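Contents: one structure, followed by commentary.
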Amino acid sequence: MTNTASTPPTQTAVRYEPAAVEAKWQRRWQEDDLYKAEDAVPGKENWYALTMFPYPSGDVHIGHWFAYTPADAHARFMRMQGYNVMHPQGFDSFGLPAENAAISRGADPREWTVANMDNMRRQFKLMGASYDWNRELATCEPDYYRWNQYFFLKFYEKGIAYRKNGAANWCPQDQTTLANEQVKDGACERCGTTVVRREMPQWFFRITDYADELLEMDSIDWPEKIKVMQRNWIGRSTGVTIGFDVSEYMPDGESDKIETFTTRIDTVYGVTFVVLAPEHPLVSKLTQPQQQGEVDAYIENAARQSEIERTSTEREKTGVHTGAYATNPLNGEKVPVLVGDYVLATYGTGAVMGVPAHDERDFVFAKKFGLPIRVVVAPEGWSGEELAEAYIAPGTQVNSAEFDGLPSAEGKERIADKIESNGWGERTITYHLRDWLISRQRYWGTPIPIIYCDDCGTVPVPEQDLPVILPDNVEFTPTGQSPLTLDEEFVNVPCPDCGRPAKRETDTMDTFVDSSWYHLRFTSPGLMEEPFDSEKVRQWVPVHQYMGGAEHAVMHLLYSRFFNKALRDIGMVEFDEPYTRLFNQGTMTKDHMKISKRANPLNPEPIIERFGTDTLRCYLMFLGPWDQGGDWSDQAINGISRWLQRVWDLALRESPSGSDTDADRQIERASHALTGRVIGDMQQFKFNTTIAALMEFTNELSRSRETGNTSREAWTSAIERLLLHLAPLAPHVAEELWEQTGHRYSIHQQSTPGWEEAKAAADTETIVVQVNGKVREQLQLPAGVAQDTAVSAALASEKVQRYTDGAEILKQIFVPGRLINLVVKPGK
């Protein structure tokens with residue numbers, strides 16, 4: 001199988017000392033650059049194994065270990081499966097925490113971030129992870145974020161990037177915008193002032209142009225729950241947009257309509273009110289003088305609420321009357337126009353039609369405000385009585401003019417036809433997904449490469465002037481206002497087109513831009529002339545295996561898919577999806593609460609000092625299925641420590657020197673069965689059952705050694721197999737034992753052992769014997785025994801004969817490899 005030991009292990013094994021062993025091999029691997037990935041290796045296929053890179057917030061905690069060490073074990077396993085593996089690591093190093101540290105502690109954001117990266121890099125190396133550190137990248141470095149700016153300019157050229165007014169959190173006291181994370185219970189976390197929503201110019205990416213393509217996920221091997229979350233977030237809806245006339249309120253005889261979208265056009269005859277978002281442009285035109293004060297107060301209050309708060313299904317709908325009425329084009333009925341904060345100007349048309357008889361929340365709203373409730377889709381057996389609750393299922397059209405009596409499904413189509421033929425509206429497809437707002441009024445991020453000139457307007461920074469460098473040594477004020485707005489040297493620049501005085505954009509990019517393409521940069525991180533080498537991208541990407549948390553389903557993962565498609569459309573990549581396979585780990589908890597730096601920390605370094613890295617790695621992988629997570633136990637880790645000590649002892653004690661061929665056959669069978677299990681489980685990220693199989697094999701070896709009947713050759717082969725399967729999970733102890741048993745360095749450059757199903761098959765099998773359904777015997781019979789032979793053996797058993805002697809055997813039930821059931825009739 002491999003190069004065998006040249007020197008027999010000693011009779012008394014030296015005790016396993018993890019600290020010394022792990023320090024030795026971590027140093028050796030680093031010196032030898034063992035995990036450096038070549039772009040091509042003859043005879044090997046490339047395998048790109050990537051784990052979502054971390055934000056350098058300080059220390060690596062156990063939650064990080066739970067995400068990264070199993071992912072590393074899988075990458076190591078694929079390397080031993082014969083692949084040329086690239087497993088890089090870097091830092092998602094722009095973000096708000098660095099800014100908060102600057103404001104609260106006077107730290108320089110760059111120095112704070114770099115210090116954290118240094119610390120986390122040291123801690124990652126303690127993991128014994130097989131990262132190719134030659135490919136390390138940090139998104140806060142100009143040689144990375146210049147390409148964010150380059151992509152922005154390309155997107156701007158293609159119309160994918162654009163600027164329009166968008167809502168932002170605004171602190172009136174500090175006179176600054178706030179990130180969502182800086183708003184606590186509706187107030188500024190720094191000064192406590194109530195935060196309002198304020199419209200201001202911001203930059204967007206047109207992700208909605210890709211909505212339909214983003215719904216297509218058949219080509220990617222991702223968990224179904226992630227696909228469902230993305231489909232729901234994109235939220236494709238088919239319906240009708242219809243206009244309610246409000247021309248009588250328009251000045252100088254203008255014509256205008258309130259456009260609404262509905263998926264239930266079959267209920268349009270039941271509309272008894274229309275609701276506008278507080279930000280809707282028609283609110284100011286439609287509000288009547290007697291309602292102005294009430295509407296203004298309502299809008300001011302709505303500006304203090306986040307969109308999440310406004311649209312919560314647990315929150316009661318509120319609204320105020322504008323004093324105006326809109327005309328339903330189908331029946332000519334005038335219905336009141338209200339303003340309601342549960343309607344968002346950024347979603348759909350910013351207006352909704354209220355059909356209380358057929359919408360649960362509209363029903364409650366209408367009851368509260370005394371609005372009519374008209375049934376237009378009747379349940380079976382309905383005879384005109386008032387509804388106790390909204391009826392939302394299909395039914396029969398009633399109170400719907402010429403459509404009365406139609407099934408509502410048919411009514412939906414016929415009513416839509418009438419609306420389109422009269423020019424009152426049209427069939428429409430809408431999406432819950434909104435364009436990606438990338439503007440952040442923060443300092444620690446990628447500067448947006450735009451200049452504003454009074455004469456030339458919006459001017460892109462010329463590509464040759466990239467990167468627009470984020471200035472260092474900036475001054476942070478207690479208000480949290482971005483230092484970029486106060487840095488005159490940064491802001492005031494000549495216009496690239498006319499040379500006259502102009503001003504830079506002071507917004508920075510959402511940090512999700514950084515992580516939307518980093519997998520491409522890992523293929524050629526030192527490249528200065530381009531964001532990535534196209535040929536190397538072809539060799540490595542799409543990423544073969546992506547690993548990380550499910551919490552990123554509708555942000556990072558969706559944005560990365562969009563970004564890839566946008567890059568494809570501007571000719572920079574040739575494939576549609578960035579990540580071929582995705583596996584999501586579960587959540588690591590302590591005392592059944594999520595482990596986090598602030599709320600529930602668990603520092604791995606004291607655990608490493610006591611038990612060693614390999615013990616911690618294996619414990620985290622043995623907790624349970626990786627995708628389900630687990631709860632930390634101080635006691636349970638002791639069992640893993642004892643097991644690794646047993647492996648150490650078995651590998652280093654003197655080999656047995658028996659000559660029993662049956663004993664050799666038994667250990668050969670167990671060896672091949674082990675490999676079959678391990679390969680299958682490791683391919684499916686079932687680390688816990690892989691370790692369970694290794695533990696069972698360890699027990700088998702212990703029993704074999706106690707008998708002393710196994711030959712030296714069979715024993716040595718079994719120990720080699722144990723170490724090779726242990727190597728991805730506990731890389732340090734496996735490497736040390738590989739060396740001490742006389743093998744060439746390194747075990748991590750060896751292949752997974754082969755196996756044969758025939759050799760893994762048992763020579764015997766246990767057959768349970770029942771008489772009239774009750775277990776009476778268990779027989780050890782040759783594997784694959786025929787029914788006649790098995791029944792004969794059962795009838796020959798004294799335990800069975802007690803219940804069959806003198807009885808009539810009515811029926812024999814035989815389940816191969818498992819069971820015989822004899823149905824008997826007792827004798828007289």
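Note on naming: chains are A, B, ... as they come in the structure tokens, residues start from 1 per chain, ligands start from 1 in the order shown.
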
So that I can see what lies close to region 439-452 of chain A, please list as a ChimeraX atom specification the residues with an atom at most 7 Å from it, counting only C-alpha atoms and leaving out residues fewer than 5 positions away in the same chain. /A:94-96,99,145,149,177,202-203,457-461,468,470,482-484,495,502-511

Output file for the residues above (N, CA, C and O atoms, as a short mmCIF file (atom, residue, chain, number, x, y, z; two decimals), in the first residue's frame):
```cif
data_model
loop_
_atom_site.label_atom_id
_atom_site.label_comp_id
_atom_site.auth_asym_id
_atom_site.auth_seq_id
_atom_site.Cartn_x
_atom_site.Cartn_y
_atom_site.Cartn_z
N PHE A 94 -12.84 45.16 5.34
CA PHE A 94 -13.55 46.43 5.47
C PHE A 94 -14.81 46.20 6.30
O PHE A 94 -15.39 45.12 6.26
N GLY A 95 -15.24 47.24 7.02
CA GLY A 95 -16.50 47.09 7.74
C GLY A 95 -16.62 48.03 8.92
O GLY A 95 -15.67 48.70 9.33
N LEU A 96 -17.82 48.05 9.47
CA LEU A 96 -18.16 49.01 10.51
C LEU A 96 -17.42 48.83 11.83
O LEU A 96 -17.11 49.83 12.50
N GLU A 99 -14.50 51.06 12.30
CA GLU A 99 -14.90 52.45 12.46
C GLU A 99 -15.36 52.71 13.91
O GLU A 99 -15.04 53.74 14.51
N TYR A 145 -9.00 46.63 -3.46
CA TYR A 145 -10.22 47.42 -3.66
C TYR A 145 -10.16 48.32 -4.91
O TYR A 145 -11.19 48.81 -5.35
N GLN A 149 -13.40 49.23 -7.56
CA GLN A 149 -13.66 50.49 -8.29
C GLN A 149 -13.68 50.26 -9.79
O GLN A 149 -14.52 50.84 -10.52
N THR A 177 -25.75 60.19 8.46
CA THR A 177 -26.45 58.94 8.19
C THR A 177 -25.88 57.84 9.07
O THR A 177 -24.73 57.90 9.52
N GLN A 202 -28.18 57.99 -3.72
CA GLN A 202 -27.35 56.84 -3.39
C GLN A 202 -27.13 56.01 -4.65
O GLN A 202 -27.85 56.13 -5.63
N TRP A 203 -26.11 55.15 -4.57
CA TRP A 203 -25.74 54.32 -5.71
C TRP A 203 -26.32 52.91 -5.58
O TRP A 203 -26.35 52.34 -4.48
N GLY A 457 -21.31 67.50 -14.62
CA GLY A 457 -22.21 66.55 -13.98
C GLY A 457 -21.46 65.42 -13.30
O GLY A 457 -20.41 65.63 -12.69
N THR A 458 -22.00 64.20 -13.41
CA THR A 458 -21.40 63.01 -12.79
C THR A 458 -20.31 62.48 -13.70
O THR A 458 -20.58 62.08 -14.84
N VAL A 459 -19.08 62.44 -13.19
CA VAL A 459 -17.93 62.06 -14.02
C VAL A 459 -17.22 60.87 -13.38
O VAL A 459 -16.76 60.96 -12.24
N PRO A 460 -17.09 59.75 -14.10
CA PRO A 460 -16.33 58.61 -13.56
C PRO A 460 -14.85 58.94 -13.44
O PRO A 460 -14.30 59.66 -14.28
N VAL A 461 -14.21 58.44 -12.42
CA VAL A 461 -12.76 58.58 -12.31
C VAL A 461 -12.13 57.77 -13.44
O VAL A 461 -12.49 56.61 -13.66
N VAL A 468 -8.70 54.99 -6.29
CA VAL A 468 -8.96 56.15 -5.43
C VAL A 468 -8.64 55.69 -4.02
O VAL A 468 -9.33 54.84 -3.45
N LEU A 470 -8.19 55.39 -0.13
CA LEU A 470 -8.82 55.80 1.11
C LEU A 470 -7.77 56.49 1.98
O LEU A 470 -6.73 55.91 2.29
N SER A 482 -18.92 60.51 8.59
CA SER A 482 -17.79 59.94 7.85
C SER A 482 -16.67 60.96 7.72
O SER A 482 -16.89 62.08 7.26
N PRO A 483 -15.43 60.60 8.09
CA PRO A 483 -14.30 61.53 7.96
C PRO A 483 -14.05 61.95 6.51
O PRO A 483 -13.43 62.99 6.27
N LEU A 484 -14.51 61.16 5.55
CA LEU A 484 -14.29 61.52 4.15
C LEU A 484 -14.97 62.84 3.81
O LEU A 484 -14.47 63.63 3.01
N CYS A 495 -12.02 68.37 -11.96
CA CYS A 495 -12.85 67.51 -12.81
C CYS A 495 -11.97 66.83 -13.86
O CYS A 495 -11.18 67.51 -14.53
N ALA A 502 -14.03 70.42 -8.60
CA ALA A 502 -15.12 69.45 -8.47
C ALA A 502 -14.98 68.75 -7.13
O ALA A 502 -14.03 69.01 -6.38
N LYS A 503 -15.92 67.86 -6.83
CA LYS A 503 -15.90 67.16 -5.54
C LYS A 503 -16.07 65.66 -5.75
O LYS A 503 -16.83 65.22 -6.60
N ARG A 504 -15.34 64.92 -4.92
CA ARG A 504 -15.44 63.46 -4.96
C ARG A 504 -16.73 62.98 -4.29
O ARG A 504 -17.24 63.62 -3.37
N GLU A 505 -17.20 61.83 -4.73
CA GLU A 505 -18.22 61.10 -3.98
C GLU A 505 -17.61 60.68 -2.65
O GLU A 505 -16.46 60.20 -2.60
N THR A 506 -18.32 60.87 -1.54
CA THR A 506 -17.79 60.50 -0.23
C THR A 506 -18.41 59.23 0.32
O THR A 506 -18.01 58.77 1.39
N ASP A 507 -19.38 58.65 -0.39
CA ASP A 507 -19.90 57.35 0.02
C ASP A 507 -18.87 56.27 -0.30
O ASP A 507 -18.08 56.40 -1.26
N THR A 508 -18.88 55.22 0.48
CA THR A 508 -18.07 54.05 0.18
C THR A 508 -19.00 52.88 -0.17
O THR A 508 -20.21 52.95 0.04
N MET A 509 -18.42 51.82 -0.69
CA MET A 509 -19.24 50.68 -1.15
C MET A 509 -19.60 49.74 -0.02
O MET A 509 -18.81 49.52 0.91
N ASP A 510 -20.79 49.16 -0.14
CA ASP A 510 -21.20 48.06 0.73
C ASP A 510 -20.11 46.99 0.72
O ASP A 510 -19.58 46.63 -0.34
N THR A 511 -19.75 46.47 1.88
CA THR A 511 -18.66 45.48 1.94
C THR A 511 -19.03 44.16 1.28
O THR A 511 -18.15 43.33 1.04
#
```

9 Å contact set for Phe152 (chain A), only C-alpha atoms, chain neighbours under 5 positions out, as a ChimeraX atom specification: /A:147,157,160-161,205,448-449

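The neighbours of Pro281 (chain A) here are the residues that come within 12 Å of it, using only C-alpha atoms and leaving out any residue fewer than 3 positions away in the same chain; they are Asp256, Lys257, Ile258, Glu259, Leu276, Ala277, Pro278, Ser284, Lys285, Leu286, Thr287, Val339, Ala345, Thr349, Gly350 and Ala351 of chain A.
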
Residues just named, written with N, CA, C and O atoms as a PDB file, in the first residue's frame:
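Done, and the output landed in part_22.pdb:
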```
ATOM      1  N   ASP A 256     -54.279  61.713 -14.001  1.00  0.00           N
ATOM      2  CA  ASP A 256     -53.351  60.905 -13.206  1.00  0.00           C
ATOM      3  C   ASP A 256     -54.093  59.724 -12.596  1.00  0.00           C
ATOM      4  O   ASP A 256     -55.321  59.768 -12.405  1.00  0.00           O
ATOM      5  N   LYS A 257     -53.350  58.678 -12.298  1.00  0.00           N
ATOM      6  CA  LYS A 257     -53.902  57.457 -11.715  1.00  0.00           C
ATOM      7  C   LYS A 257     -53.003  56.965 -10.594  1.00  0.00           C
ATOM      8  O   LYS A 257     -51.799  57.217 -10.584  1.00  0.00           O
ATOM      9  N   ILE A 258     -53.620  56.260  -9.669  1.00  0.00           N
ATOM     10  CA  ILE A 258     -52.850  55.511  -8.671  1.00  0.00           C
ATOM     11  C   ILE A 258     -52.671  54.107  -9.234  1.00  0.00           C
ATOM     12  O   ILE A 258     -53.645  53.369  -9.408  1.00  0.00           O
ATOM     13  N   GLU A 259     -51.436  53.767  -9.542  1.00  0.00           N
ATOM     14  CA  GLU A 259     -51.146  52.436 -10.077  1.00  0.00           C
ATOM     15  C   GLU A 259     -50.965  51.458  -8.932  1.00  0.00           C
ATOM     16  O   GLU A 259     -50.191  51.704  -8.000  1.00  0.00           O
ATOM     17  N   LEU A 276     -51.676  54.500  -0.041  1.00  0.00           N
ATOM     18  CA  LEU A 276     -50.404  54.973  -0.588  1.00  0.00           C
ATOM     19  C   LEU A 276     -49.316  54.889   0.468  1.00  0.00           C
ATOM     20  O   LEU A 276     -49.571  55.099   1.660  1.00  0.00           O
ATOM     21  N   ALA A 277     -48.086  54.620   0.032  1.00  0.00           N
ATOM     22  CA  ALA A 277     -46.940  54.718   0.927  1.00  0.00           C
ATOM     23  C   ALA A 277     -46.750  56.177   1.338  1.00  0.00           C
ATOM     24  O   ALA A 277     -47.042  57.089   0.558  1.00  0.00           O
ATOM     25  N   PRO A 278     -46.282  56.448   2.560  1.00  0.00           N
ATOM     26  CA  PRO A 278     -46.065  57.836   2.986  1.00  0.00           C
ATOM     27  C   PRO A 278     -45.163  58.611   2.039  1.00  0.00           C
ATOM     28  O   PRO A 278     -45.288  59.831   1.920  1.00  0.00           O
ATOM     29  N   SER A 284     -48.821  64.266  -1.573  1.00  0.00           N
ATOM     30  CA  SER A 284     -48.892  65.734  -1.421  1.00  0.00           C
ATOM     31  C   SER A 284     -49.964  66.340  -2.314  1.00  0.00           C
ATOM     32  O   SER A 284     -50.569  67.359  -1.973  1.00  0.00           O
ATOM     33  N   LYS A 285     -50.225  65.735  -3.452  1.00  0.00           N
ATOM     34  CA  LYS A 285     -51.219  66.273  -4.371  1.00  0.00           C
ATOM     35  C   LYS A 285     -52.642  65.925  -3.955  1.00  0.00           C
ATOM     36  O   LYS A 285     -53.585  66.689  -4.211  1.00  0.00           O
ATOM     37  N   LEU A 286     -52.798  64.746  -3.319  1.00  0.00           N
ATOM     38  CA  LEU A 286     -54.145  64.276  -3.006  1.00  0.00           C
ATOM     39  C   LEU A 286     -54.631  64.690  -1.623  1.00  0.00           C
ATOM     40  O   LEU A 286     -55.838  64.707  -1.369  1.00  0.00           O
ATOM     41  N   THR A 287     -53.721  64.991  -0.712  1.00  0.00           N
ATOM     42  CA  THR A 287     -54.138  65.323   0.650  1.00  0.00           C
ATOM     43  C   THR A 287     -54.936  66.628   0.654  1.00  0.00           C
ATOM     44  O   THR A 287     -54.455  67.672   0.193  1.00  0.00           O
ATOM     45  N   VAL A 339     -53.210  56.968   3.535  1.00  0.00           N
ATOM     46  CA  VAL A 339     -51.758  56.824   3.631  1.00  0.00           C
ATOM     47  C   VAL A 339     -51.494  55.791   4.714  1.00  0.00           C
ATOM     48  O   VAL A 339     -52.029  55.914   5.828  1.00  0.00           O
ATOM     49  N   ALA A 345     -42.718  52.619  -0.593  1.00  0.00           N
ATOM     50  CA  ALA A 345     -42.546  53.253  -1.906  1.00  0.00           C
ATOM     51  C   ALA A 345     -41.538  52.493  -2.752  1.00  0.00           C
ATOM     52  O   ALA A 345     -41.570  52.569  -3.984  1.00  0.00           O
ATOM     53  N   THR A 349     -45.555  49.343  -6.785  1.00  0.00           N
ATOM     54  CA  THR A 349     -45.913  50.689  -7.245  1.00  0.00           C
ATOM     55  C   THR A 349     -45.974  51.688  -6.101  1.00  0.00           C
ATOM     56  O   THR A 349     -46.217  52.874  -6.331  1.00  0.00           O
ATOM     57  N   GLY A 350     -45.783  51.218  -4.872  1.00  0.00           N
ATOM     58  CA  GLY A 350     -45.905  52.120  -3.727  1.00  0.00           C
ATOM     59  C   GLY A 350     -47.347  52.380  -3.337  1.00  0.00           C
ATOM     60  O   GLY A 350     -47.630  53.304  -2.567  1.00  0.00           O
ATOM     61  N   ALA A 351     -48.282  51.586  -3.892  1.00  0.00           N
ATOM     62  CA  ALA A 351     -49.700  51.720  -3.569  1.00  0.00           C
ATOM     63  C   ALA A 351     -50.324  50.338  -3.601  1.00  0.00           C
ATOM     64  O   ALA A 351     -49.907  49.469  -4.382  1.00  0.00           O
TER      65      ALA A 351
END
```

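Using only C-alpha atoms, the protein and nucleic acid residues lying no more than 8 Å from region 84-90 of chain A, apart from those fewer than 5 places from it along its own chain, are A:Lys36, A:Ala37, A:Glu38, A:Ala40, A:Val41, A:Lys44, A:Glu45, A:Asn46, A:Trp47, A:Tyr48, A:Ala49, A:Leu50, A:Thr51, A:Phe53, A:Pro54, A:Asp72, A:Ala75, A:Met78, A:Arg79, A:Ser130, A:Tyr131, A:Asp132, A:Trp133, A:Arg135, A:Glu136, A:Leu137, A:Ala138, A:Phe522.
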
Please identify all polymer residues within 12 Å of Ile308 (chain A), counting only C-alpha atoms, omitting same-chain residues fewer than 3 positions from it, and present them as a ChimeraX atom specification. /A:180,186,302,304-305,311-315,341-344

Output N, CA and C atoms for every residue in that selection, as an mmCIF file, in the first residue's frame.
```cif
data_model
loop_
_atom_site.group_PDB
_atom_site.id
_atom_site.type_symbol
_atom_site.label_atom_id
_atom_site.label_comp_id
_atom_site.auth_asym_id
_atom_site.auth_seq_id
_atom_site.Cartn_x
_atom_site.Cartn_y
_atom_site.Cartn_z
ATOM 1 N N ASN A 180 -27.639 50.431 9.487
ATOM 2 C CA ASN A 180 -28.690 49.762 10.251
ATOM 3 C C ASN A 180 -28.176 49.283 11.599
ATOM 4 N N GLY A 186 -34.748 52.103 17.280
ATOM 5 C CA GLY A 186 -35.220 53.310 16.620
ATOM 6 C C GLY A 186 -34.444 54.564 16.940
ATOM 7 N N ALA A 302 -43.863 57.916 10.444
ATOM 8 C CA ALA A 302 -43.438 56.794 9.612
ATOM 9 C C ALA A 302 -41.950 56.879 9.278
ATOM 10 N N ARG A 304 -39.649 57.585 11.120
ATOM 11 C CA ARG A 304 -38.832 57.088 12.239
ATOM 12 C C ARG A 304 -38.765 55.561 12.278
ATOM 13 N N GLN A 305 -39.558 54.900 11.434
ATOM 14 C CA GLN A 305 -39.634 53.448 11.466
ATOM 15 C C GLN A 305 -38.773 52.848 10.356
ATOM 16 N N THR A 311 -43.241 46.735 7.894
ATOM 17 C CA THR A 311 -43.861 45.630 7.165
ATOM 18 C C THR A 311 -44.018 44.371 8.000
ATOM 19 N N SER A 312 -43.717 44.436 9.291
ATOM 20 C CA SER A 312 -43.842 43.252 10.150
ATOM 21 C C SER A 312 -45.283 42.745 10.147
ATOM 22 N N THR A 313 -45.437 41.447 9.949
ATOM 23 C CA THR A 313 -46.781 40.857 9.946
ATOM 24 C C THR A 313 -47.392 40.826 11.340
ATOM 25 N N GLU A 314 -46.569 41.034 12.362
ATOM 26 C CA GLU A 314 -47.076 41.031 13.737
ATOM 27 C C GLU A 314 -47.548 42.422 14.170
ATOM 28 N N ARG A 315 -47.330 43.403 13.315
ATOM 29 C CA ARG A 315 -47.680 44.779 13.653
ATOM 30 C C ARG A 315 -49.029 45.136 13.036
ATOM 31 N N ASP A 341 -48.300 53.282 6.524
ATOM 32 C CA ASP A 341 -46.848 53.050 6.545
ATOM 33 C C ASP A 341 -46.461 51.608 6.268
ATOM 34 N N TYR A 342 -47.439 50.692 6.210
ATOM 35 C CA TYR A 342 -47.115 49.305 5.866
ATOM 36 C C TYR A 342 -46.891 49.142 4.362
ATOM 37 N N VAL A 343 -47.187 50.185 3.585
ATOM 38 C CA VAL A 343 -46.911 50.192 2.153
ATOM 39 C C VAL A 343 -45.573 50.908 1.943
ATOM 40 N N LEU A 344 -44.712 50.301 1.136
ATOM 41 C CA LEU A 344 -43.379 50.850 0.906
ATOM 42 C C LEU A 344 -43.282 51.425 -0.498
#
```

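Selecting strand (DSSP E) from the backbone DSSP output for region 9-135 of chain A yields Asn46, Trp47, Tyr48, Ala49, Leu50, Thr51, Asn84, Val85 and Met86 of chain A.
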
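Backbone DSSP over region 439-516 of chain A gives helix (DSSP H, G or I) for Glu463, Gln464, Asp465, Pro483, Leu484, Thr485, Leu486, Glu488, Glu489, Phe490, Val491, Asp514, Ser515 and Ser516 of chain A.
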
With a distance cut-off of 10 Å and only C-alpha atoms, select the neighbouring residues of region 260-265 of chain A, excluding the residue or stretch itself and same-chain residues fewer than 3 positions from it, and output the selection as a PyMOL selection string. chain A and resi 237-244+257+268-270+274-276+348-353+355+358-359+392+408-409+411-416+419+425-430

Long-range neighbours of Gln291 (chain A) as a ChimeraX atom specification, 8 Å cut-off, only C-alpha atoms, 5 positions minimum in chain: /A:321-323

Prev. selection, N, CA, C and O atoms, output as an mmCIF file, in the first residue's frame:
```cif
data_model
loop_
_atom_site.group_PDB
_atom_site.id
_atom_site.type_symbol
_atom_site.label_atom_id
_atom_site.label_comp_id
_atom_site.auth_asym_id
_atom_site.auth_seq_id
_atom_site.Cartn_x
_atom_site.Cartn_y
_atom_site.Cartn_z
ATOM 1 N N HIS A 321 -56.688 59.022 6.461
ATOM 2 C CA HIS A 321 -57.394 59.395 5.245
ATOM 3 C C HIS A 321 -56.796 60.680 4.671
ATOM 4 O O HIS A 321 -56.514 61.629 5.398
ATOM 5 N N THR A 322 -56.596 60.693 3.348
ATOM 6 C CA THR A 322 -56.105 61.915 2.693
ATOM 7 C C THR A 322 -57.250 62.891 2.409
ATOM 8 O O THR A 322 -57.006 64.057 2.085
ATOM 9 N N GLY A 323 -58.479 62.409 2.485
ATOM 10 C CA GLY A 323 -59.635 63.221 2.096
ATOM 11 C C GLY A 323 -59.978 63.105 0.623
ATOM 12 O O GLY A 323 -60.975 63.663 0.159
#
```

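Here CA of Leu582 (chain A) and CA of Gln628 (chain A) stand 14.9 Å from one another.
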
Considering only C-alpha atoms, can you say which of A:Tyr249, A:Tyr68, A:Tyr391, A:Phe77 comes closest to Glu360 (chain A)? A:Tyr391

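CA of Leu652 (chain A) sits 10.7 Å away from CA of Gly742 (chain A).
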
Distance of CA of Gln397 (chain A) from CA of Pro379 (chain A), expressed in Å to one decimal place: 9.4 Å

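If only C-alpha atoms are the atoms counted, then among A:Gln81, A:Asn584, A:Arg28, A:Cys140 the closest residue to Pro56 (chain A) is A:Cys140.
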
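Among the candidates A:Met588, A:Ala760, A:Ile607, A:Leu694, the residue lying nearest to Leu126 (chain A) is A:Ile607 (atoms considered: only C-alpha atoms).
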
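Across A:Ala693, A:Leu722, A:Ala167, A:Ala762, the tightest approach to Asp662 (chain A) is made by A:Ala762 when counting only C-alpha atoms.
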
Using only C-alpha atoms, find the one residue out of A:Trp436, A:Asp296, A:Arg190, A:Arg568 that sits nearest to Lys154 (chain A). A:Arg568

With distances taken over only C-alpha atoms, which of A:Gly548, A:Pro70, A:Pro18, A:Gly58 is nearest to Asn116 (chain A)? A:Gly58
